[in-house]
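Heads up, coords-v8.cif below (mmCIF, N, CA and C atoms and all ligand atoms):
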```cif
data_work
loop_
_atom_site.label_atom_id
_atom_site.label_comp_id
_atom_site.auth_asym_id
_atom_site.auth_seq_id
_atom_site.Cartn_x
_atom_site.Cartn_y
_atom_site.Cartn_z
N MET Y 182 -17.01 30.90 12.29
CA MET Y 182 -18.02 29.84 12.11
C MET Y 182 -17.38 28.65 11.41
N PRO Y 183 -17.50 27.47 12.01
CA PRO Y 183 -16.85 26.30 11.40
C PRO Y 183 -17.49 25.94 10.06
N VAL Y 184 -16.68 25.41 9.18
CA VAL Y 184 -17.18 24.95 7.89
C VAL Y 184 -17.93 23.64 8.10
N ARG Y 185 -19.11 23.58 7.53
CA ARG Y 185 -19.88 22.36 7.66
C ARG Y 185 -19.51 21.42 6.52
N PRO Y 186 -18.93 20.27 6.84
CA PRO Y 186 -18.50 19.37 5.78
C PRO Y 186 -19.69 18.74 5.07
N HIS Y 187 -19.46 18.33 3.84
CA HIS Y 187 -20.52 17.67 3.09
C HIS Y 187 -20.72 16.26 3.61
N PRO Y 188 -21.95 15.80 3.62
CA PRO Y 188 -22.19 14.39 3.93
C PRO Y 188 -21.54 13.51 2.88
N PHE Y 189 -21.25 12.28 3.25
CA PHE Y 189 -20.64 11.37 2.30
C PHE Y 189 -21.16 9.97 2.52
N THR Y 190 -21.01 9.14 1.50
CA THR Y 190 -21.58 7.80 1.51
C THR Y 190 -20.49 6.76 1.33
N PHE Y 191 -20.50 5.76 2.16
CA PHE Y 191 -19.65 4.59 1.98
C PHE Y 191 -20.46 3.51 1.28
N THR Y 192 -19.84 2.84 0.32
CA THR Y 192 -20.48 1.71 -0.34
C THR Y 192 -19.54 0.52 -0.30
N CYS Y 193 -20.04 -0.63 0.12
CA CYS Y 193 -19.23 -1.85 0.16
C CYS Y 193 -19.11 -2.42 -1.24
N ASP Y 194 -17.86 -2.64 -1.68
CA ASP Y 194 -17.65 -3.20 -3.02
C ASP Y 194 -18.07 -4.65 -3.09
N ARG Y 195 -18.17 -5.31 -1.95
CA ARG Y 195 -18.46 -6.74 -1.96
C ARG Y 195 -19.96 -7.02 -1.94
N CYS Y 196 -20.69 -6.37 -1.02
CA CYS Y 196 -22.11 -6.73 -0.87
C CYS Y 196 -23.06 -5.58 -1.20
N GLY Y 197 -22.53 -4.38 -1.45
CA GLY Y 197 -23.41 -3.28 -1.82
C GLY Y 197 -23.98 -2.52 -0.65
N TRP Y 198 -23.55 -2.85 0.55
CA TRP Y 198 -23.98 -2.12 1.75
C TRP Y 198 -23.60 -0.65 1.64
N LYS Y 199 -24.46 0.22 2.13
CA LYS Y 199 -24.22 1.66 2.02
C LYS Y 199 -24.45 2.32 3.36
N LYS Y 200 -23.67 3.32 3.64
CA LYS Y 200 -23.92 4.14 4.82
C LYS Y 200 -23.60 5.59 4.51
N THR Y 201 -24.54 6.46 4.79
CA THR Y 201 -24.33 7.90 4.59
C THR Y 201 -24.09 8.56 5.93
N ILE Y 202 -23.07 9.37 5.97
CA ILE Y 202 -22.68 10.03 7.21
C ILE Y 202 -22.71 11.53 7.01
N ALA Y 203 -23.35 12.24 7.91
CA ALA Y 203 -23.40 13.70 7.86
C ALA Y 203 -22.69 14.26 9.08
N PRO Y 204 -21.41 14.57 8.94
CA PRO Y 204 -20.66 15.07 10.09
C PRO Y 204 -21.24 16.40 10.57
N ARG Y 205 -21.28 16.58 11.86
CA ARG Y 205 -21.82 17.82 12.40
C ARG Y 205 -20.76 18.89 12.56
N SER Y 206 -19.50 18.52 12.45
CA SER Y 206 -18.42 19.51 12.49
C SER Y 206 -17.29 18.95 11.63
N ASP Y 207 -16.19 19.71 11.52
CA ASP Y 207 -15.10 19.19 10.70
C ASP Y 207 -14.23 18.20 11.48
N ALA Y 208 -14.53 17.98 12.74
CA ALA Y 208 -13.86 16.93 13.50
C ALA Y 208 -14.80 15.73 13.59
N LEU Y 209 -14.38 14.64 13.03
CA LEU Y 209 -15.24 13.46 13.02
C LEU Y 209 -15.29 12.83 14.40
N GLY Y 210 -16.47 12.52 14.86
CA GLY Y 210 -16.63 11.87 16.15
C GLY Y 210 -16.80 10.37 15.98
N PRO Y 211 -16.96 9.67 17.09
CA PRO Y 211 -17.18 8.23 17.02
C PRO Y 211 -18.45 7.94 16.22
N GLY Y 212 -18.42 6.92 15.42
CA GLY Y 212 -19.58 6.56 14.62
C GLY Y 212 -19.76 7.41 13.38
N GLU Y 213 -18.82 8.32 13.13
CA GLU Y 213 -18.95 9.17 11.94
C GLU Y 213 -17.94 8.78 10.86
N TRP Y 214 -17.32 7.65 11.03
CA TRP Y 214 -16.41 7.16 10.00
C TRP Y 214 -16.53 5.64 9.98
N CYS Y 215 -16.28 5.04 8.82
CA CYS Y 215 -16.32 3.58 8.70
C CYS Y 215 -15.02 3.12 8.09
N ASP Y 216 -14.42 2.08 8.64
CA ASP Y 216 -13.28 1.50 7.93
C ASP Y 216 -13.59 0.08 7.47
N ARG Y 217 -14.79 -0.39 7.77
CA ARG Y 217 -15.19 -1.67 7.22
C ARG Y 217 -16.71 -1.76 7.12
N CYS Y 218 -17.15 -2.66 6.26
CA CYS Y 218 -18.57 -2.85 6.04
C CYS Y 218 -19.22 -3.39 7.31
N GLU Y 219 -20.35 -2.79 7.69
CA GLU Y 219 -21.04 -3.27 8.89
C GLU Y 219 -21.89 -4.49 8.57
N HIS Y 220 -22.00 -4.82 7.30
CA HIS Y 220 -22.83 -5.96 6.92
C HIS Y 220 -21.99 -7.22 6.74
N CYS Y 221 -20.92 -7.16 5.96
CA CYS Y 221 -20.13 -8.35 5.69
C CYS Y 221 -18.70 -8.25 6.23
N GLY Y 222 -18.31 -7.09 6.77
CA GLY Y 222 -16.99 -6.96 7.36
C GLY Y 222 -15.88 -6.66 6.37
N SER Y 223 -16.19 -6.55 5.08
CA SER Y 223 -15.17 -6.24 4.08
C SER Y 223 -14.58 -4.86 4.31
N THR Y 224 -13.28 -4.74 4.07
CA THR Y 224 -12.65 -3.42 4.22
C THR Y 224 -12.53 -2.71 2.89
N SER Y 225 -13.06 -3.29 1.81
CA SER Y 225 -12.97 -2.60 0.53
C SER Y 225 -14.22 -1.76 0.32
N LEU Y 226 -14.17 -0.56 0.83
CA LEU Y 226 -15.30 0.37 0.74
C LEU Y 226 -14.99 1.49 -0.24
N SER Y 227 -16.00 1.83 -1.04
CA SER Y 227 -15.90 3.03 -1.85
C SER Y 227 -16.50 4.19 -1.06
N PHE Y 228 -16.12 5.36 -1.46
CA PHE Y 228 -16.43 6.54 -0.68
C PHE Y 228 -16.76 7.67 -1.63
N LYS Y 229 -17.89 8.31 -1.45
CA LYS Y 229 -18.22 9.45 -2.31
C LYS Y 229 -19.07 10.44 -1.55
N THR Y 230 -19.08 11.66 -2.04
CA THR Y 230 -19.95 12.68 -1.48
C THR Y 230 -21.39 12.29 -1.76
N ALA Y 231 -22.23 12.40 -0.76
CA ALA Y 231 -23.60 11.95 -0.89
C ALA Y 231 -24.37 12.78 -1.89
N GLY Y 232 -25.30 12.15 -2.57
CA GLY Y 232 -26.21 12.86 -3.45
C GLY Y 232 -27.29 13.58 -2.64
N VAL Y 233 -28.14 14.29 -3.33
CA VAL Y 233 -29.13 15.12 -2.65
C VAL Y 233 -30.05 14.28 -1.78
N ILE Y 234 -30.51 13.16 -2.30
CA ILE Y 234 -31.48 12.35 -1.54
C ILE Y 234 -30.81 11.75 -0.31
N ASP Y 235 -29.62 11.18 -0.48
CA ASP Y 235 -28.91 10.61 0.66
C ASP Y 235 -28.62 11.68 1.70
N ARG Y 236 -28.30 12.86 1.24
CA ARG Y 236 -27.97 13.94 2.17
C ARG Y 236 -29.19 14.32 3.00
N THR Y 237 -30.34 14.40 2.35
CA THR Y 237 -31.57 14.72 3.07
C THR Y 237 -31.86 13.66 4.13
N LEU Y 238 -31.70 12.40 3.77
CA LEU Y 238 -31.93 11.32 4.73
C LEU Y 238 -30.96 11.41 5.90
N ALA Y 239 -29.71 11.69 5.60
CA ALA Y 239 -28.70 11.76 6.66
C ALA Y 239 -29.00 12.89 7.62
N GLN Y 240 -29.46 14.02 7.09
CA GLN Y 240 -29.79 15.13 7.97
C GLN Y 240 -31.01 14.80 8.81
N TRP Y 241 -31.95 14.07 8.21
CA TRP Y 241 -33.15 13.68 8.93
C TRP Y 241 -32.78 12.75 10.09
N PHE Y 242 -31.90 11.79 9.81
CA PHE Y 242 -31.49 10.86 10.87
C PHE Y 242 -30.68 11.60 11.93
N ALA Y 243 -29.88 12.56 11.54
CA ALA Y 243 -29.09 13.31 12.50
C ALA Y 243 -30.01 14.07 13.45
N ARG Y 244 -31.11 14.57 12.92
CA ARG Y 244 -32.06 15.30 13.74
C ARG Y 244 -32.73 14.36 14.74
N LEU Y 245 -33.01 13.13 14.30
CA LEU Y 245 -33.65 12.16 15.19
C LEU Y 245 -32.76 11.79 16.36
N ARG Y 246 -31.44 11.84 16.16
CA ARG Y 246 -30.51 11.40 17.22
C ARG Y 246 -30.39 12.42 18.36
N ARG Y 247 -30.87 13.63 18.12
CA ARG Y 247 -30.69 14.65 19.15
C ARG Y 247 -31.61 14.44 20.34
ZN ZN H 1 -20.26 -5.64 2.71
#
```

Could the structure of this file be written out as structure tokens, please?
Ligand SMILES: [Zn+2]
Amino acid sequence: MPVRPHPFTFTCDRCGWKKTIAPRSDALGPGEWCDRCEHCGSTSLSFKTAGVIDRTLAQWFARLRR
């Protein structure tokens, strides 16, 4: 059984934009990684494991995409 990776959150250091990603497997697919801010285009993003609330939201959105 594959290990389910933890969701994680990107935060833009410039404008505060955030995106939480909940990978469905340990291989990241398209749209499951960010290398720049989708709001201002800055490449200086912070990265952390999502908190409980963000994780719940990410799982909810993942369910909607199916
Ligand atoms: Zn930004």

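If you look at atom C of Leu238 of chain Y and atom C of Cys193 of chain Y, they are 19.6 Å away from each other.
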
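Selecting all polymer residues at most 6.5 Å from ligand ZN 1 (chain H), using all atoms listed in the file, gives Cys193, Asp194, Arg195, Cys196, Gly197, Trp198, Cys218, Glu219, His220, Cys221, Gly222 and Ser223 of chain Y.
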
Can you list, as a VMD selection string, all residues belonging to chain Y that DSSP tags as strand (DSSP E)? chain Y and resid 189 to 193 199 to 202 226 to 230

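Atom pair atom CA of Pro204 of chain Y / atom N of Ala239 of chain Y: separated by 10.7 Å.
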
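Closest to Thr190 of chain Y among Y:Arg236, Y:Arg217, Y:Arg244, Y:Lys229 is Y:Lys229, based on all atoms listed in the file.
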
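What separates atom C of Ser225 of chain Y from atom N of Arg246 of chain Y is a distance of 27.1 Å.
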
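Among Y:Phe228, Y:Leu245, Y:Trp214, Y:Ile202, the residue with the shortest atom-to-atom distance to His187 of chain Y, counting all atoms listed in the file, is Y:Ile202.
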
Assign secondary structure with DSSP using the backbone only, and return the residues of chain Y in alpha helix (DSSP H) as a PyMOL selection string. chain Y and resi 233-245

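Excluding Cys215 of chain Y and any residue on its chain fewer than 6 positions from it, the residues at most 9 Å away by only C-alpha atoms are Y:Phe191, Y:Lys200, Y:Leu226.
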